[in-house]
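Trainee: For reference, the structure I am asking about is given below.
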Protein chains: 2
Amino acid sequence: MKKTRLCELLGIQYPIVQAPMAGGPTTVDLVVAASDAGALGSFGAAYMSPQQIREACAATRARTDRPFSVNLFAPVPQPPAYDATRTLARLRIYHEELGIAAPFAPVPSDQATQFNAQVDAILECRVPIFSFTFAIPPASTLSRFKAIGAIVIGTATTVDEAVALQDSGVDAICAQGSEAGGHRGTFAVPFERAMIGTMALIPQVVDAVKVPVIASGGIMDGRGIAAALALGAEGVQLGTAFLATTQSGAPSAHKDALSAAKEDATSVTRAFSGRHARGIRNRVIDEFESDPESIAPYPLQNALTRAMRNAAAASGRAEYLSLWAGQALRLARRIDAGELVRQLVRETDQCISALDALR
Amino acid sequence: MKKTRLCELLGIQYPIVQAPMAGGPTTVDLVVAASDAGALGSFGAAYMSPQQIREACAATRARTDRPFSVNLFAPVPQPPAYDATRTLARLRIYHEELGIAAPFAPVPSDQATQFNAQVDAILECRVPIFSFTFAIPPASTLSRFKAIGAIVIGTATTVDEAVALQDSGVDAICAQGSEAGGHRGTFAVPFERAMIGTMALIPQVVDAVKVPVIASGGIMDGRGIAAALALGAEGVQLGTAFLATTQSGAPSAHKDALSAAKEDATSVTRAFSGRHARGIRNRVIDEFESDPESIAPYPLQNALTRAMRNAAAASGRAEYLSLWAGQALRLARRIDAGELVRQLVRETDQCISALDALR
């Protein structure tokens, strides 16, 4: 597998990005394993404190001199005041079942303040690659990364979003197809309009921008990587594939759910964070979605459900967990992350070779 | 572009299927042009009478000795009695605006009787390839096609559906990703669960069945064809790409809408037929979807909206038309259908060649 323009830009060997998955999966072990194997290891740092970011970056630096990236959720407009009575009533049941203290409405945190403190930490660590999703951060923020020579990657789910990102000065664009697990990056249209499948999204985005496009959504093996490159992407981002690996910090119950589920087991829900994200349907999704008004807006819902999710992870109870997963989850492998990268590279070459025989 | 196993099975030169699009687009001109260029021309015959099927097949036979296929909607369970008062109230407004007679509730037709008469016509014409969607027809029907040596292709939107089709004895499976325009073929789960993107669906289906898989959904050019082949498909089916061609019988207003729309312009709706189908959002979709209970079940809604759609096509009024389209519609070309096939073949070879340079 030869280097693409993205590889040169990021200083990596293979055009494979281990997706930044916020909330636990992206451990130092995972990022180091992915980067050491020649891919781009990435921290999903949205829920990490500045201190946690500093520690993770320092630990990574101590173990590899390969590039890695840190990803944040860009601030979105603060939602109007929300009465969380119904949310809390539902959560109370789950908390009782899990044997933890009753839920309470958290003091709302200011997204911009939190984001800026996270950005300060990332800049301080001189992380070589910064990526973001949910919005386009202020130009002043992007300039700070440019000033230290960092590469900036934004997330698009439509062609217009990709063009807006390019106009904002990003160096590469992650184009997220509807198959992708976890949070939708949509920021310019209602989320439903931006559920564009990877097969359709990538060539249309590639035609519209000049910067390298990283394809994400439903890519799990060498076949998917070769397909994404055929569509014009210069790199791929894999989340679910790395979520299942040994080094991923996802709870065992989450990995077990991945292994057991079919491709039709996921849906897109606001149940866990208040923002649309794809995960394996479970009781919490079904019950919150049966009464959508009981779901608080992002980021409040995320804060409200955190104690439940943490307790569920500790006790291995999948019905209360956010089981983020993409639609190709049947292809997940529970193996070492470095070995996954090696297999992906080998498979991609084999797939391209087989394809060439059809020319 | 070399032949795949599907090419040998179907007796065609290139593994490209011009999708059977019911309701007018698949004219004799289109089918002949696609088949003559080395692809598989296909009639979407679901709404054709047995006599229309006989005439179309005879006209095609008179103009080409290449294989072509005929596709039907397999009968689905008849819906419970439905009071169409609200549907008719809404349609009355549209009929008045279009200057046509008031709508009326049609006498329900028996799907199985109609289907069997269509099957008789197809068998009588000894059409070499029969394809179907919406369900698996009775074994006795499939046996009749087998008995005359016809090749049978079924449509799947999940892995389980693909396995069920293989078990029923089909020779190939069209795997329809969520990007696809027109009707969803889903038959084994609620439609929402089967909105699997092509990038995720194809490799999972390929891993589960032995018969050749035809990828559909979001494929519009050589990049998409190469990508689908990389994913393990042995053929591709393109609808929207052929819908835009000169020979397509789609109304000009439909082709104009395709040319003008962005990739986020479509949604999946029951507004026109009562069954879920992807098309460009317009007034009829928005207004029916704002009151979902005013949408009659399939096939009643289809019969109810027919007069409106016919009048709209005649007068070029896109707001009343079913503007079926897939999610990669920015890539549509308004060119000759034979020339489209030639461009697709050339592009696919170029794409594979460029990809091989990355190995």
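As shown in the structure tokens, the chain order sets the letters A, B, ...; within each chain, residues go from 1, and ligands are also counted from 1 in the order they appear.
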When you look at B:Pro251 with a cut-off of 9 Å (counting only C-alpha atoms), what residues show up, excluding the ones that are within fewer than 6 positions of it in the same chain? I need them as a count of residues only.

Mentor: 7

Trainee: Would you mind listing, as a VMD selection string, all residues of chain A that have at least one atom within 7 Å of chain B, where only C-alpha atoms are what counts?

Mentor: chain A and resid 1 to 2 178 to 179 193 to 194 196 to 201 204 218 to 219 223 to 224 226 to 228 230 to 231 264 327 to 328 330 349 351 to 353 355 to 356 358 to 359

Trainee: Store the residues picked out above in a file with C-alpha atoms, as a PDB file, in the first residue's frame.

Mentor:
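The result, written out as result_17.pdb:
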ATOM      1  CA  MET A   1       0.000   0.000   0.000  1.00  0.00           C
ATOM      2  CA  LYS A   2       1.607   3.200  -1.206  1.00  0.00           C
ATOM      3  CA  SER A 178     -24.684   7.525   7.172  1.00  0.00           C
ATOM      4  CA  GLU A 179     -23.305   4.078   8.047  1.00  0.00           C
ATOM      5  CA  ARG A 193     -31.143  15.410   5.483  1.00  0.00           C
ATOM      6  CA  ALA A 194     -27.486  14.555   5.982  1.00  0.00           C
ATOM      7  CA  ILE A 196     -25.999  10.242   2.988  1.00  0.00           C
ATOM      8  CA  GLY A 197     -24.506   6.794   2.462  1.00  0.00           C
ATOM      9  CA  THR A 198     -20.713   6.623   2.102  1.00  0.00           C
ATOM     10  CA  MET A 199     -20.946   5.262  -1.465  1.00  0.00           C
ATOM     11  CA  ALA A 200     -22.901   8.358  -2.517  1.00  0.00           C
ATOM     12  CA  LEU A 201     -21.230  10.937  -0.262  1.00  0.00           C
ATOM     13  CA  GLN A 204     -19.722  14.028  -4.526  1.00  0.00           C
ATOM     14  CA  GLY A 218     -19.177   1.363   7.119  1.00  0.00           C
ATOM     15  CA  ILE A 219     -15.485   0.720   6.408  1.00  0.00           C
ATOM     16  CA  ARG A 223     -12.503  -4.271   0.795  1.00  0.00           C
ATOM     17  CA  GLY A 224     -13.945  -1.122   2.326  1.00  0.00           C
ATOM     18  CA  ALA A 226     -10.066  -0.209  -1.466  1.00  0.00           C
ATOM     19  CA  ALA A 227     -13.658   0.870  -2.195  1.00  0.00           C
ATOM     20  CA  ALA A 228     -13.175   4.220  -0.444  1.00  0.00           C
ATOM     21  CA  ALA A 230     -11.760   3.957  -5.607  1.00  0.00           C
ATOM     22  CA  LEU A 231     -14.407   6.568  -4.766  1.00  0.00           C
ATOM     23  CA  ASP A 264     -29.727  -4.071  11.129  1.00  0.00           C
ATOM     24  CA  GLN A 327     -23.611  -0.595  10.149  1.00  0.00           C
ATOM     25  CA  ALA A 328     -20.866  -3.027   9.099  1.00  0.00           C
ATOM     26  CA  ARG A 330     -20.621  -8.038  11.487  1.00  0.00           C
ATOM     27  CA  ASP A 349      -3.412  -4.726  -1.363  1.00  0.00           C
ATOM     28  CA  CYS A 351      -8.335  -6.507  -2.857  1.00  0.00           C
ATOM     29  CA  ILE A 352      -6.776  -4.011  -5.271  1.00  0.00           C
ATOM     30  CA  SER A 353      -4.812  -6.803  -6.884  1.00  0.00           C
ATOM     31  CA  LEU A 355      -9.769  -5.874  -8.746  1.00  0.00           C
ATOM     32  CA  ASP A 356      -6.968  -5.214 -11.203  1.00  0.00           C
ATOM     33  CA  LEU A 358     -11.002  -7.461 -13.717  1.00  0.00           C
ATOM     34  CA  ARG A 359      -9.687  -4.521 -15.724  1.00  0.00           C
TER      35      ARG A 359
END

Trainee: Could you list, as an MDAnalysis selection string, every residue within 7 Å of A:Ile53, counting only C-alpha atoms and ignoring same-chain residues fewer than 4 positions away?

Mentor: chainID A and resid 45 48:49 57 121:122

Trainee: Give me a file of those residues, with N, CA and C atoms, as a PDB file, in the first residue's frame.

Mentor:
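Wrote result01.pdb, looks like this:
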ATOM      1  N   ALA A  45     -11.292  13.300  22.484  1.00  0.00           N
ATOM      2  CA  ALA A  45     -11.037  13.991  23.750  1.00  0.00           C
ATOM      3  C   ALA A  45     -12.193  14.872  24.191  1.00  0.00           C
ATOM      4  N   MET A  48     -12.835  14.748  27.731  1.00  0.00           N
ATOM      5  CA  MET A  48     -11.651  14.753  28.602  1.00  0.00           C
ATOM      6  C   MET A  48     -11.403  16.162  29.133  1.00  0.00           C
ATOM      7  N   SER A  49     -10.946  16.242  30.377  1.00  0.00           N
ATOM      8  CA  SER A  49     -10.568  17.539  30.946  1.00  0.00           C
ATOM      9  C   SER A  49      -9.228  17.947  30.341  1.00  0.00           C
ATOM     10  N   CYS A  57      -1.573  12.911  26.191  1.00  0.00           N
ATOM     11  CA  CYS A  57      -0.593  13.286  25.167  1.00  0.00           C
ATOM     12  C   CYS A  57       0.826  12.983  25.651  1.00  0.00           C
ATOM     13  N   ALA A 121      -4.933  23.053  26.082  1.00  0.00           N
ATOM     14  CA  ALA A 121      -4.151  21.863  26.465  1.00  0.00           C
ATOM     15  C   ALA A 121      -3.545  21.196  25.229  1.00  0.00           C
ATOM     16  N   ILE A 122      -4.337  21.102  24.160  1.00  0.00           N
ATOM     17  CA  ILE A 122      -3.843  20.442  22.936  1.00  0.00           C
ATOM     18  C   ILE A 122      -2.688  21.237  22.330  1.00  0.00           C
TER      19      ILE A 122
END

Trainee: Extract, using only C-alpha atoms, all DNA, RNA and protein residues at most 8 Å from A:Gly239, discarding same-chain residues fewer than 5 positions from it, and format them as a PyMOL selection string.

Mentor: chain A and resi 18-21+180-181+325-326

Trainee: Set the distance at 7 Å and use only C-alpha atoms: which residues neighbour B:Ala172 once local chain neighbours fewer than 5 positions away are removed? I'd like the list as a PyMOL selection string.

Mentor: chain B and resi 152-154+211-213

Trainee: For the residues in that selection, give me N, CA and C atoms as a PDB file, in the first residue's frame.

Mentor:
ATOM      1  N   VAL B 152     -33.120 -16.029 -12.348  1.00  0.00           N
ATOM      2  CA  VAL B 152     -33.982 -15.306 -11.415  1.00  0.00           C
ATOM      3  C   VAL B 152     -33.123 -14.498 -10.434  1.00  0.00           C
ATOM      4  N   ILE B 153     -33.470 -13.214 -10.288  1.00  0.00           N
ATOM      5  CA  ILE B 153     -32.745 -12.307  -9.391  1.00  0.00           C
ATOM      6  C   ILE B 153     -33.720 -11.721  -8.380  1.00  0.00           C
ATOM      7  N   GLY B 154     -33.389 -11.823  -7.094  1.00  0.00           N
ATOM      8  CA  GLY B 154     -34.210 -11.222  -6.042  1.00  0.00           C
ATOM      9  C   GLY B 154     -33.529 -10.021  -5.420  1.00  0.00           C
ATOM     10  N   VAL B 211     -24.198 -17.062  -4.121  1.00  0.00           N
ATOM     11  CA  VAL B 211     -24.587 -16.576  -5.455  1.00  0.00           C
ATOM     12  C   VAL B 211     -24.012 -15.179  -5.682  1.00  0.00           C
ATOM     13  N   PRO B 212     -23.887 -14.763  -6.950  1.00  0.00           N
ATOM     14  CA  PRO B 212     -23.350 -13.422  -7.224  1.00  0.00           C
ATOM     15  C   PRO B 212     -24.237 -12.320  -6.631  1.00  0.00           C
ATOM     16  N   VAL B 213     -23.582 -11.289  -6.126  1.00  0.00           N
ATOM     17  CA  VAL B 213     -24.284 -10.146  -5.539  1.00  0.00           C
ATOM     18  C   VAL B 213     -24.144  -8.945  -6.479  1.00  0.00           C
TER      19      VAL B 213
END

Trainee: Got a sec to tell me which of stretch 147-317 of chain B DSSP assigns to helix (DSSP H, G or I), as a PyMOL selection string?

Mentor: chain B and resi 147+159-168+191-194+198-208+222-230+240-243+252-260+283-289+292-294+300-315

Trainee: Skip A:Ala312 itself and residues of its chain fewer than 4 positions away, then list as a list of chain:residue names all residues within 10 Å of it, counting only C-alpha atoms.

Mentor: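 So, after excluding close chain neighbours, the residues are A:Tyr94, A:His95, A:Leu98, A:Pro251, A:Ala253, A:Arg306, A:Ala307, A:Met308, A:Gly316, A:Arg317, A:Ala318, A:Glu319, A:Tyr320, A:Leu321, A:Ser322.
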
Trainee: I need the strand (DSSP E) residues of stretch 14-174 of chain B per DSSP on the backbone, written as a list in words.

Mentor: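 Those residues are Ile16, Val17, Gln18, Gly41, Ser42, Phe43, Gly44, Phe68, Ser69, Val70, Asn71, Leu72, Phe73, Ile129, Phe130, Ser131, Phe132, Thr133, Ile151, Val152, Ile153, Gly154, Thr155, Ala156, Ala172, Ile173 and Cys174 of chain B.
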
Trainee: Grab the residues selected above and save them as a PDB file, in the first residue's frame with C-alpha atoms.

Mentor:
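Below you can see part.pdb, which holds the result:
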ATOM      1  CA  ILE B  16     -23.808  -3.418 -15.228  1.00  0.00           C
ATOM      2  CA  VAL B  17     -27.569  -3.645 -14.772  1.00  0.00           C
ATOM      3  CA  GLN B  18     -29.811  -0.803 -15.884  1.00  0.00           C
ATOM      4  CA  GLY B  41     -31.475  -3.570 -19.942  1.00  0.00           C
ATOM      5  CA  SER B  42     -34.414  -4.115 -17.593  1.00  0.00           C
ATOM      6  CA  PHE B  43     -38.106  -3.334 -17.644  1.00  0.00           C
ATOM      7  CA  GLY B  44     -39.684  -2.151 -14.415  1.00  0.00           C
ATOM      8  CA  PHE B  68     -32.786  -8.196 -21.069  1.00  0.00           C
ATOM      9  CA  SER B  69     -34.780  -8.612 -17.895  1.00  0.00           C
ATOM     10  CA  VAL B  70     -38.266  -7.902 -16.597  1.00  0.00           C
ATOM     11  CA  ASN B  71     -38.892  -6.968 -12.965  1.00  0.00           C
ATOM     12  CA  LEU B  72     -42.088  -7.244 -10.931  1.00  0.00           C
ATOM     13  CA  PHE B  73     -43.240  -6.247  -7.463  1.00  0.00           C
ATOM     14  CA  ILE B 129     -33.971 -12.939 -16.848  1.00  0.00           C
ATOM     15  CA  PHE B 130     -36.707 -12.317 -14.285  1.00  0.00           C
ATOM     16  CA  SER B 131     -36.137 -10.136 -11.250  1.00  0.00           C
ATOM     17  CA  PHE B 132     -38.395  -9.174  -8.377  1.00  0.00           C
ATOM     18  CA  THR B 133     -38.572  -7.004  -5.268  1.00  0.00           C
ATOM     19  CA  ILE B 151     -32.290 -16.665 -14.541  1.00  0.00           C
ATOM     20  CA  VAL B 152     -33.982 -15.306 -11.415  1.00  0.00           C
ATOM     21  CA  ILE B 153     -32.745 -12.307  -9.391  1.00  0.00           C
ATOM     22  CA  GLY B 154     -34.210 -11.222  -6.042  1.00  0.00           C
ATOM     23  CA  THR B 155     -33.749  -8.008  -4.071  1.00  0.00           C
ATOM     24  CA  ALA B 156     -32.383  -7.869  -0.514  1.00  0.00           C
ATOM     25  CA  ALA B 172     -28.262 -13.797  -8.059  1.00  0.00           C
ATOM     26  CA  ILE B 173     -29.110 -11.184  -5.455  1.00  0.00           C
ATOM     27  CA  CYS B 174     -29.449  -7.459  -5.914  1.00  0.00           C
TER      28      CYS B 174
END

Trainee: Expressed in Å to a single decimal, how great is the separation between atom CA of A:Leu30 and atom CA of A:Ser248?

Mentor: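 According to the coordinates, atom CA of A:Leu30 and atom CA of A:Ser248 are separated by 5.7 Å.
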
Trainee: Excluding A:Val268 and residues on its chain fewer than 2 positions from it, collect all residues at most 6 Å away from it, counting only C-alpha atoms, and give them as a ChimeraX atom specification.

Mentor: /A:276-278
